Amino acid sequence: MPTVFGNDVEAADALALAYKKLKSEIAHVIIGQDEVVHLTLTAVFCHGHALLVGVPGLAKTLLVQTLSQALDLNFKRIQFTPDLMPSDIIGAETMDKERNFHFVKGPVFGNIILADEINRTPPKTQAALLEAMQENAVTIAGKRYELPQPFFVMATQNPIEQEGTYPLPEAQLDRFMFNIFLNYPTYEQELKIVKGTTAEPSATINKVLTAEEIISFQGLIRRVPISDNVVAYAVKLATATRPGNGSSLATQFLEWGAGPRASQYLVLGAKCNALLNGKYSPDIEDVKAVAKPVLRHRIVRNFKAEAEGESVDGLIDKLIQHIPM
């Protein structure tokens, strides 16, 4: 049975404590990557999906597996390949000996779905996840099947290898709450990684939260109070990315800007970021803390930006500087 809290303040304190325990458990396996772990847990508590982008060997898959163990959730891994079919993800109807059709559930019927190397399969198969990510359900032969809750898609992508890959459609990218970049570990962190992975494995991951508790905390995030000026700042930041309708910087360097879903995720992410850091209400700094992972996959640079070497993250920093507090 999930813990019953007397009020939302007690629940917020419990969430902050659970977050510290989760980080501690994950740190038994994942060395460094503190910001990545923080953003991944933020997506979980906001009931959002996350796209993990990094070169091979940075523990993207291991992070998702470790997270599922610490959260006591049903984990399913889908290895995306060029010949993967939609039915390999969502399932299909099969005929038994009595010539009756039965639906056989695919691996999408889990709590945490690891879509490993999601850009290695054609758009038709990538699109099989769209309804699941947006509606928490799939439709087969005209019948709707609800997915177990909580439900998250954690997808991984290699940013440097382009041969044999299929870029994700913008509509699907927009379904991901965060686009999280993984960087190389520091020298000291890599020493710990090498020592730990070349010896006898000894780490044990303890269960921290149940599915019912996660759903309860997701409801808490929605109830967090937020001031109008913070919401206004989030919306201004999202609209500032739209060429012609936003700032002059966007008109100069961006081909396409972020839609309303970005504003929603900026507010939700700010609420969760505040609670995880021991605050009961978010401020503008909390919006800034989630701005890059929310916006970087929702804006498209134009030719001028690419020619002048303007990075997506650099443009987001400039947009933040141009928006009054």
# chains A, B, ... in the order shown; residues from 1 in each chain; ligands from 1
>>> select_by_dssp(residues="region 45-134 of chain A", states="strand (DSSP E)", output="list in words")
His49, Ala50, Leu51, Leu52, Val53, Phe75, Lys76, Arg77, Ile78, Gln79, Gly91, Ala92, Glu93, Thr94, Met95, Phe101, His102, Phe103, Val104, Lys105, Ile112, Ile113, Leu114, Ala115 and Asp116 of chain A
>>> closest_atom_pairs(of="region 8-70 of chain A", to="region 288-302 of chain A", cutoff="12 Å", atoms="only C-alpha atoms", output="tab-separated table")
residue	atom	partner	partner_atom	distance
A:Glu35	CA	A:Ala289	CA	10.3
A:Val36	CA	A:Pro293	CA	10.1
A:His38	CA	A:Val290	CA	10.5
A:Leu39	CA	A:Val290	CA	8.0
A:Thr40	CA	A:Pro293	CA	10.4
A:Thr42	CA	A:Val290	CA	9.5
A:Ala43	CA	A:Val294	CA	10.4
A:Gly48	CA	A:Val294	CA	10.9
A:His49	CA	A:Val294	CA	11.0
A:Ala50	CA	A:Pro293	CA	9.2
A:Leu51	CA	A:Pro293	CA	9.3
A:Leu52	CA	A:Pro293	CA	10.1
A:Val53	CA	A:Pro293	CA	10.8
>>> atom_distance(atom1="CA of Val194 (chain A)", atom2="CA of Ala27 (chain A)")
14.7 Å
>>> closest_residue(among="A:Ser87, A:Ser216, A:Asn277, A:Thr66", to="Ala141 (chain A)", atoms="only C-alpha atoms")
A:Ser87
>>> residues_around(residues="Glu255 (chain A)", least_positions_apart="3", cutoff="10 Å", atoms="only C-alpha atoms", output="MDAnalysis selection string")
chainID A and resid 241:244 250:252 299:305
>>> residues_around(residues="Phe152 (chain A)", least_positions_apart="6", cutoff="12 Å", atoms="only C-alpha atoms", output="PyMOL selection string")
chain A and resi 40-51+64+67-68+73-77+108-115+129+132-137+175-177+211+214-215
>>> select_by_dssp(residues="region 171-266 of chain A", states="alpha helix (DSSP H)", output="PDB file with N, CA and C atoms, in the first residue's frame")
ATOM      1  N   ALA A 171       7.224  15.410 -35.053  1.00  0.00           N
ATOM      2  CA  ALA A 171       6.049  15.111 -34.232  1.00  0.00           C
ATOM      3  C   ALA A 171       6.394  14.143 -33.108  1.00  0.00           C
ATOM      4  N   GLN A 172       7.281  13.200 -33.393  1.00  0.00           N
ATOM      5  CA  GLN A 172       7.659  12.253 -32.346  1.00  0.00           C
ATOM      6  C   GLN A 172       8.643  12.872 -31.368  1.00  0.00           C
ATOM      7  N   LEU A 173       9.569  13.676 -31.865  1.00  0.00           N
ATOM      8  CA  LEU A 173      10.490  14.367 -30.969  1.00  0.00           C
ATOM      9  C   LEU A 173       9.731  15.209 -29.945  1.00  0.00           C
ATOM     10  N   TYR A 187      38.259  12.456 -15.826  1.00  0.00           N
ATOM     11  CA  TYR A 187      39.320  11.471 -15.643  1.00  0.00           C
ATOM     12  C   TYR A 187      39.110  10.662 -14.357  1.00  0.00           C
ATOM     13  N   GLU A 188      38.774  11.356 -13.262  1.00  0.00           N
ATOM     14  CA  GLU A 188      38.572  10.677 -11.977  1.00  0.00           C
ATOM     15  C   GLU A 188      37.369   9.743 -12.045  1.00  0.00           C
ATOM     16  N   GLN A 189      36.300  10.183 -12.709  1.00  0.00           N
ATOM     17  CA  GLN A 189      35.120   9.335 -12.836  1.00  0.00           C
ATOM     18  C   GLN A 189      35.411   8.097 -13.677  1.00  0.00           C
ATOM     19  N   GLU A 190      36.189   8.284 -14.742  1.00  0.00           N
ATOM     20  CA  GLU A 190      36.504   7.136 -15.589  1.00  0.00           C
ATOM     21  C   GLU A 190      37.389   6.129 -14.859  1.00  0.00           C
ATOM     22  N   LEU A 191      38.276   6.619 -13.975  1.00  0.00           N
ATOM     23  CA  LEU A 191      39.052   5.698 -13.148  1.00  0.00           C
ATOM     24  C   LEU A 191      38.142   4.811 -12.313  1.00  0.00           C
ATOM     25  N   LYS A 192      37.123   5.419 -11.672  1.00  0.00           N
ATOM     26  CA  LYS A 192      36.187   4.645 -10.853  1.00  0.00           C
ATOM     27  C   LYS A 192      35.380   3.667 -11.707  1.00  0.00           C
ATOM     28  N   ILE A 193      34.993   4.117 -12.911  1.00  0.00           N
ATOM     29  CA  ILE A 193      34.226   3.248 -13.799  1.00  0.00           C
ATOM     30  C   ILE A 193      35.036   2.017 -14.189  1.00  0.00           C
ATOM     31  N   VAL A 194      36.287   2.245 -14.579  1.00  0.00           N
ATOM     32  CA  VAL A 194      37.133   1.135 -15.020  1.00  0.00           C
ATOM     33  C   VAL A 194      37.408   0.167 -13.870  1.00  0.00           C
ATOM     34  N   LYS A 195      37.708   0.709 -12.689  1.00  0.00           N
ATOM     35  CA  LYS A 195      37.965  -0.159 -11.534  1.00  0.00           C
ATOM     36  C   LYS A 195      36.726  -0.978 -11.165  1.00  0.00           C
ATOM     37  N   GLY A 196      35.574  -0.333 -11.218  1.00  0.00           N
ATOM     38  CA  GLY A 196      34.349  -1.016 -10.823  1.00  0.00           C
ATOM     39  C   GLY A 196      33.868  -2.046 -11.820  1.00  0.00           C
ATOM     40  N   THR A 197      34.090  -1.807 -13.115  1.00  0.00           N
ATOM     41  CA  THR A 197      33.567  -2.708 -14.135  1.00  0.00           C
ATOM     42  C   THR A 197      34.544  -3.806 -14.533  1.00  0.00           C
ATOM     43  N   ALA A 211       5.093   1.494  -7.908  1.00  0.00           N
ATOM     44  CA  ALA A 211       4.329   2.146  -8.974  1.00  0.00           C
ATOM     45  C   ALA A 211       3.262   3.069  -8.392  1.00  0.00           C
ATOM     46  N   GLU A 212       2.594   2.624  -7.320  1.00  0.00           N
ATOM     47  CA  GLU A 212       1.536   3.442  -6.711  1.00  0.00           C
ATOM     48  C   GLU A 212       2.108   4.725  -6.130  1.00  0.00           C
ATOM     49  N   GLU A 213       3.282   4.656  -5.530  1.00  0.00           N
ATOM     50  CA  GLU A 213       3.893   5.857  -4.964  1.00  0.00           C
ATOM     51  C   GLU A 213       4.323   6.835  -6.053  1.00  0.00           C
ATOM     52  N   ILE A 214       4.817   6.306  -7.169  1.00  0.00           N
ATOM     53  CA  ILE A 214       5.213   7.174  -8.286  1.00  0.00           C
ATOM     54  C   ILE A 214       3.999   7.909  -8.834  1.00  0.00           C
ATOM     55  N   ILE A 215       2.888   7.202  -9.008  1.00  0.00           N
ATOM     56  CA  ILE A 215       1.660   7.829  -9.505  1.00  0.00           C
ATOM     57  C   ILE A 215       1.189   8.910  -8.535  1.00  0.00           C
ATOM     58  N   SER A 216       1.312   8.646  -7.232  1.00  0.00           N
ATOM     59  CA  SER A 216       0.932   9.640  -6.228  1.00  0.00           C
ATOM     60  C   SER A 216       1.800  10.891  -6.339  1.00  0.00           C
ATOM     61  N   PHE A 217       3.101  10.714  -6.510  1.00  0.00           N
ATOM     62  CA  PHE A 217       4.000  11.867  -6.642  1.00  0.00           C
ATOM     63  C   PHE A 217       3.747  12.624  -7.947  1.00  0.00           C
ATOM     64  N   GLN A 218       3.346  11.919  -9.008  1.00  0.00           N
ATOM     65  CA  GLN A 218       3.019  12.592 -10.267  1.00  0.00           C
ATOM     66  C   GLN A 218       1.820  13.525 -10.076  1.00  0.00           C
ATOM     67  N   GLY A 219       0.846  13.074  -9.292  1.00  0.00           N
ATOM     68  CA  GLY A 219      -0.287  13.944  -8.979  1.00  0.00           C
ATOM     69  C   GLY A 219       0.133  15.141  -8.149  1.00  0.00           C
ATOM     70  N   LEU A 220       1.084  14.917  -7.231  1.00  0.00           N
ATOM     71  CA  LEU A 220       1.589  16.009  -6.398  1.00  0.00           C
ATOM     72  C   LEU A 220       2.229  17.091  -7.249  1.00  0.00           C
ATOM     73  N   ILE A 221       3.016  16.708  -8.241  1.00  0.00           N
ATOM     74  CA  ILE A 221       3.675  17.687  -9.115  1.00  0.00           C
ATOM     75  C   ILE A 221       2.644  18.602  -9.752  1.00  0.00           C
ATOM     76  N   ARG A 222       1.524  18.044 -10.182  1.00  0.00           N
ATOM     77  CA  ARG A 222       0.475  18.839 -10.823  1.00  0.00           C
ATOM     78  C   ARG A 222      -0.142  19.845  -9.840  1.00  0.00           C
ATOM     79  N   ARG A 223      -0.150  19.502  -8.561  1.00  0.00           N
ATOM     80  CA  ARG A 223      -0.801  20.370  -7.572  1.00  0.00           C
ATOM     81  C   ARG A 223       0.128  21.436  -7.001  1.00  0.00           C
ATOM     82  N   ASP A 228       2.074  33.476 -11.138  1.00  0.00           N
ATOM     83  CA  ASP A 228       1.768  33.852 -12.522  1.00  0.00           C
ATOM     84  C   ASP A 228       3.000  34.351 -13.270  1.00  0.00           C
ATOM     85  N   ASN A 229       3.908  35.034 -12.571  1.00  0.00           N
ATOM     86  CA  ASN A 229       5.076  35.576 -13.270  1.00  0.00           C
ATOM     87  C   ASN A 229       6.021  34.469 -13.737  1.00  0.00           C
ATOM     88  N   VAL A 230       6.056  33.351 -13.005  1.00  0.00           N
ATOM     89  CA  VAL A 230       6.896  32.227 -13.419  1.00  0.00           C
ATOM     90  C   VAL A 230       6.286  31.544 -14.649  1.00  0.00           C
ATOM     91  N   VAL A 231       4.959  31.367 -14.639  1.00  0.00           N
ATOM     92  CA  VAL A 231       4.290  30.797 -15.815  1.00  0.00           C
ATOM     93  C   VAL A 231       4.484  31.713 -17.021  1.00  0.00           C
ATOM     94  N   ALA A 232       4.357  33.021 -16.799  1.00  0.00           N
ATOM     95  CA  ALA A 232       4.534  33.982 -17.887  1.00  0.00           C
ATOM     96  C   ALA A 232       5.944  33.900 -18.461  1.00  0.00           C
ATOM     97  N   TYR A 233       6.936  33.724 -17.593  1.00  0.00           N
ATOM     98  CA  TYR A 233       8.319  33.620 -18.060  1.00  0.00           C
ATOM     99  C   TYR A 233       8.499  32.371 -18.924  1.00  0.00           C
ATOM    100  N   ALA A 234       7.915  31.255 -18.493  1.00  0.00           N
ATOM    101  CA  ALA A 234       8.031  30.014 -19.261  1.00  0.00           C
ATOM    102  C   ALA A 234       7.412  30.169 -20.648  1.00  0.00           C
ATOM    103  N   VAL A 235       6.249  30.807 -20.709  1.00  0.00           N
ATOM    104  CA  VAL A 235       5.581  30.992 -21.998  1.00  0.00           C
ATOM    105  C   VAL A 235       6.373  31.965 -22.875  1.00  0.00           C
ATOM    106  N   LYS A 236       6.913  33.025 -22.275  1.00  0.00           N
ATOM    107  CA  LYS A 236       7.725  33.972 -23.038  1.00  0.00           C
ATOM    108  C   LYS A 236       8.961  33.292 -23.616  1.00  0.00           C
ATOM    109  N   LEU A 237       9.566  32.402 -22.834  1.00  0.00           N
ATOM    110  CA  LEU A 237      10.759  31.700 -23.308  1.00  0.00           C
ATOM    111  C   LEU A 237      10.422  30.801 -24.497  1.00  0.00           C
ATOM    112  N   ALA A 238       9.296  30.101 -24.415  1.00  0.00           N
ATOM    113  CA  ALA A 238       8.897  29.219 -25.514  1.00  0.00           C
ATOM    114  C   ALA A 238       8.550  30.025 -26.765  1.00  0.00           C
ATOM    115  N   THR A 239       7.793  31.120 -26.601  1.00  0.00           N
ATOM    116  CA  THR A 239       7.403  31.920 -27.771  1.00  0.00           C
ATOM    117  C   THR A 239       8.579  32.677 -28.367  1.00  0.00           C
ATOM    118  N   SER A 248      14.033  38.741 -32.128  1.00  0.00           N
ATOM    119  CA  SER A 248      14.813  38.967 -33.343  1.00  0.00           C
ATOM    120  C   SER A 248      15.897  37.903 -33.487  1.00  0.00           C
ATOM    121  N   LEU A 249      16.357  37.368 -32.353  1.00  0.00           N
ATOM    122  CA  LEU A 249      17.362  36.307 -32.379  1.00  0.00           C
ATOM    123  C   LEU A 249      16.797  35.066 -33.070  1.00  0.00           C
ATOM    124  N   ALA A 250      15.539  34.735 -32.761  1.00  0.00           N
ATOM    125  CA  ALA A 250      14.905  33.579 -33.388  1.00  0.00           C
ATOM    126  C   ALA A 250      14.727  33.814 -34.879  1.00  0.00           C
ATOM    127  N   THR A 251      14.303  34.990 -35.243  1.00  0.00           N
ATOM    128  CA  THR A 251      14.116  35.310 -36.663  1.00  0.00           C
ATOM    129  C   THR A 251      15.426  35.222 -37.425  1.00  0.00           C
ATOM    130  N   GLN A 252      16.519  35.571 -36.766  1.00  0.00           N
ATOM    131  CA  GLN A 252      17.826  35.591 -37.418  1.00  0.00           C
ATOM    132  C   GLN A 252      18.429  34.200 -37.559  1.00  0.00           C
ATOM    133  N   PHE A 253      18.221  33.336 -36.538  1.00  0.00           N
ATOM    134  CA  PHE A 253      18.969  32.085 -36.509  1.00  0.00           C
ATOM    135  C   PHE A 253      18.125  30.806 -36.511  1.00  0.00           C
ATOM    136  N   PRO A 260       3.390  24.861 -28.080  1.00  0.00           N
ATOM    137  CA  PRO A 260       2.837  25.013 -26.725  1.00  0.00           C
ATOM    138  C   PRO A 260       3.229  23.907 -25.761  1.00  0.00           C
ATOM    139  N   ARG A 261       3.523  22.701 -26.292  1.00  0.00           N
ATOM    140  CA  ARG A 261       3.925  21.620 -25.390  1.00  0.00           C
ATOM    141  C   ARG A 261       5.217  21.968 -24.654  1.00  0.00           C
ATOM    142  N   ALA A 262       6.064  22.785 -25.268  1.00  0.00           N
ATOM    143  CA  ALA A 262       7.294  23.225 -24.603  1.00  0.00           C
ATOM    144  C   ALA A 262       6.967  24.067 -23.374  1.00  0.00           C
ATOM    145  N   SER A 263       5.988  24.963 -23.504  1.00  0.00           N
ATOM    146  CA  SER A 263       5.584  25.786 -22.353  1.00  0.00           C
ATOM    147  C   SER A 263       5.072  24.913 -21.216  1.00  0.00           C
ATOM    148  N   GLN A 264       4.273  23.910 -21.565  1.00  0.00           N
ATOM    149  CA  GLN A 264       3.732  23.009 -20.550  1.00  0.00           C
ATOM    150  C   GLN A 264       4.855  22.276 -19.816  1.00  0.00           C
ATOM    151  N   TYR A 265       5.823  21.763 -20.587  1.00  0.00           N
ATOM    152  CA  TYR A 265       6.908  21.003 -19.965  1.00  0.00           C
ATOM    153  C   TYR A 265       7.862  21.901 -19.184  1.00  0.00           C
ATOM    154  N   LEU A 266       8.009  23.153 -19.607  1.00  0.00           N
ATOM    155  CA  LEU A 266       8.823  24.089 -18.825  1.00  0.00           C
ATOM    156  C   LEU A 266       8.217  24.306 -17.444  1.00  0.00           C
TER     157      LEU A 266
END
>>> closest_residue(among="A:Tyr166, A:Asp174, A:Lys97, A:Glu117", to="Leu130 (chain A)", atoms="only C-alpha atoms")
A:Asp174
>>> residues_around(residues="Ala70 (chain A)", least_positions_apart="4", cutoff="8 Å", atoms="only C-alpha atoms", output="ChimeraX atom specification")
/A:22,25-26,66,205-209
>>> write_last_selection(atoms="N, CA and C atoms", output="PDB file, in the first residue's frame")
ATOM      1  N   LEU A  22      16.980   7.584  -4.268  1.00  0.00           N
ATOM      2  CA  LEU A  22      17.118   7.082  -5.629  1.00  0.00           C
ATOM      3  C   LEU A  22      18.486   7.422  -6.200  1.00  0.00           C
ATOM      4  N   GLU A  25      21.048   5.096  -4.695  1.00  0.00           N
ATOM      5  CA  GLU A  25      21.011   3.734  -5.236  1.00  0.00           C
ATOM      6  C   GLU A  25      21.588   3.690  -6.648  1.00  0.00           C
ATOM      7  N   ILE A  26      21.212   4.654  -7.474  1.00  0.00           N
ATOM      8  CA  ILE A  26      21.707   4.684  -8.855  1.00  0.00           C
ATOM      9  C   ILE A  26      23.217   4.898  -8.884  1.00  0.00           C
ATOM     10  N   THR A  66      19.038   0.410 -14.452  1.00  0.00           N
ATOM     11  CA  THR A  66      19.228   0.655 -13.021  1.00  0.00           C
ATOM     12  C   THR A  66      18.051   1.424 -12.445  1.00  0.00           C
ATOM     13  N   ILE A 205      20.976  -3.115  -6.100  1.00  0.00           N
ATOM     14  CA  ILE A 205      20.056  -1.989  -6.143  1.00  0.00           C
ATOM     15  C   ILE A 205      18.827  -2.302  -5.297  1.00  0.00           C
ATOM     16  N   ASN A 206      18.564  -1.468  -4.315  1.00  0.00           N
ATOM     17  CA  ASN A 206      17.394  -1.638  -3.458  1.00  0.00           C
ATOM     18  C   ASN A 206      16.199  -0.904  -4.055  1.00  0.00           C
ATOM     19  N   LYS A 207      15.015  -1.440  -3.824  1.00  0.00           N
ATOM     20  CA  LYS A 207      13.787  -0.803  -4.292  1.00  0.00           C
ATOM     21  C   LYS A 207      13.490   0.414  -3.422  1.00  0.00           C
ATOM     22  N   VAL A 208      13.208   1.535  -4.055  1.00  0.00           N
ATOM     23  CA  VAL A 208      12.942   2.776  -3.321  1.00  0.00           C
ATOM     24  C   VAL A 208      11.471   3.158  -3.393  1.00  0.00           C
ATOM     25  N   LEU A 209      10.880   3.093  -4.596  1.00  0.00           N
ATOM     26  CA  LEU A 209       9.490   3.506  -4.779  1.00  0.00           C
ATOM     27  C   LEU A 209       8.717   2.441  -5.543  1.00  0.00           C
TER      28      LEU A 209
END
>>> atom_distance(atom1="CA of Leu58 (chain A)", atom2="CA of Pro82 (chain A)")
23.1 Å
>>> atom_distance(atom1="CA of Pro324 (chain A)", atom2="CA of Ile284 (chain A)")
10.7 Å
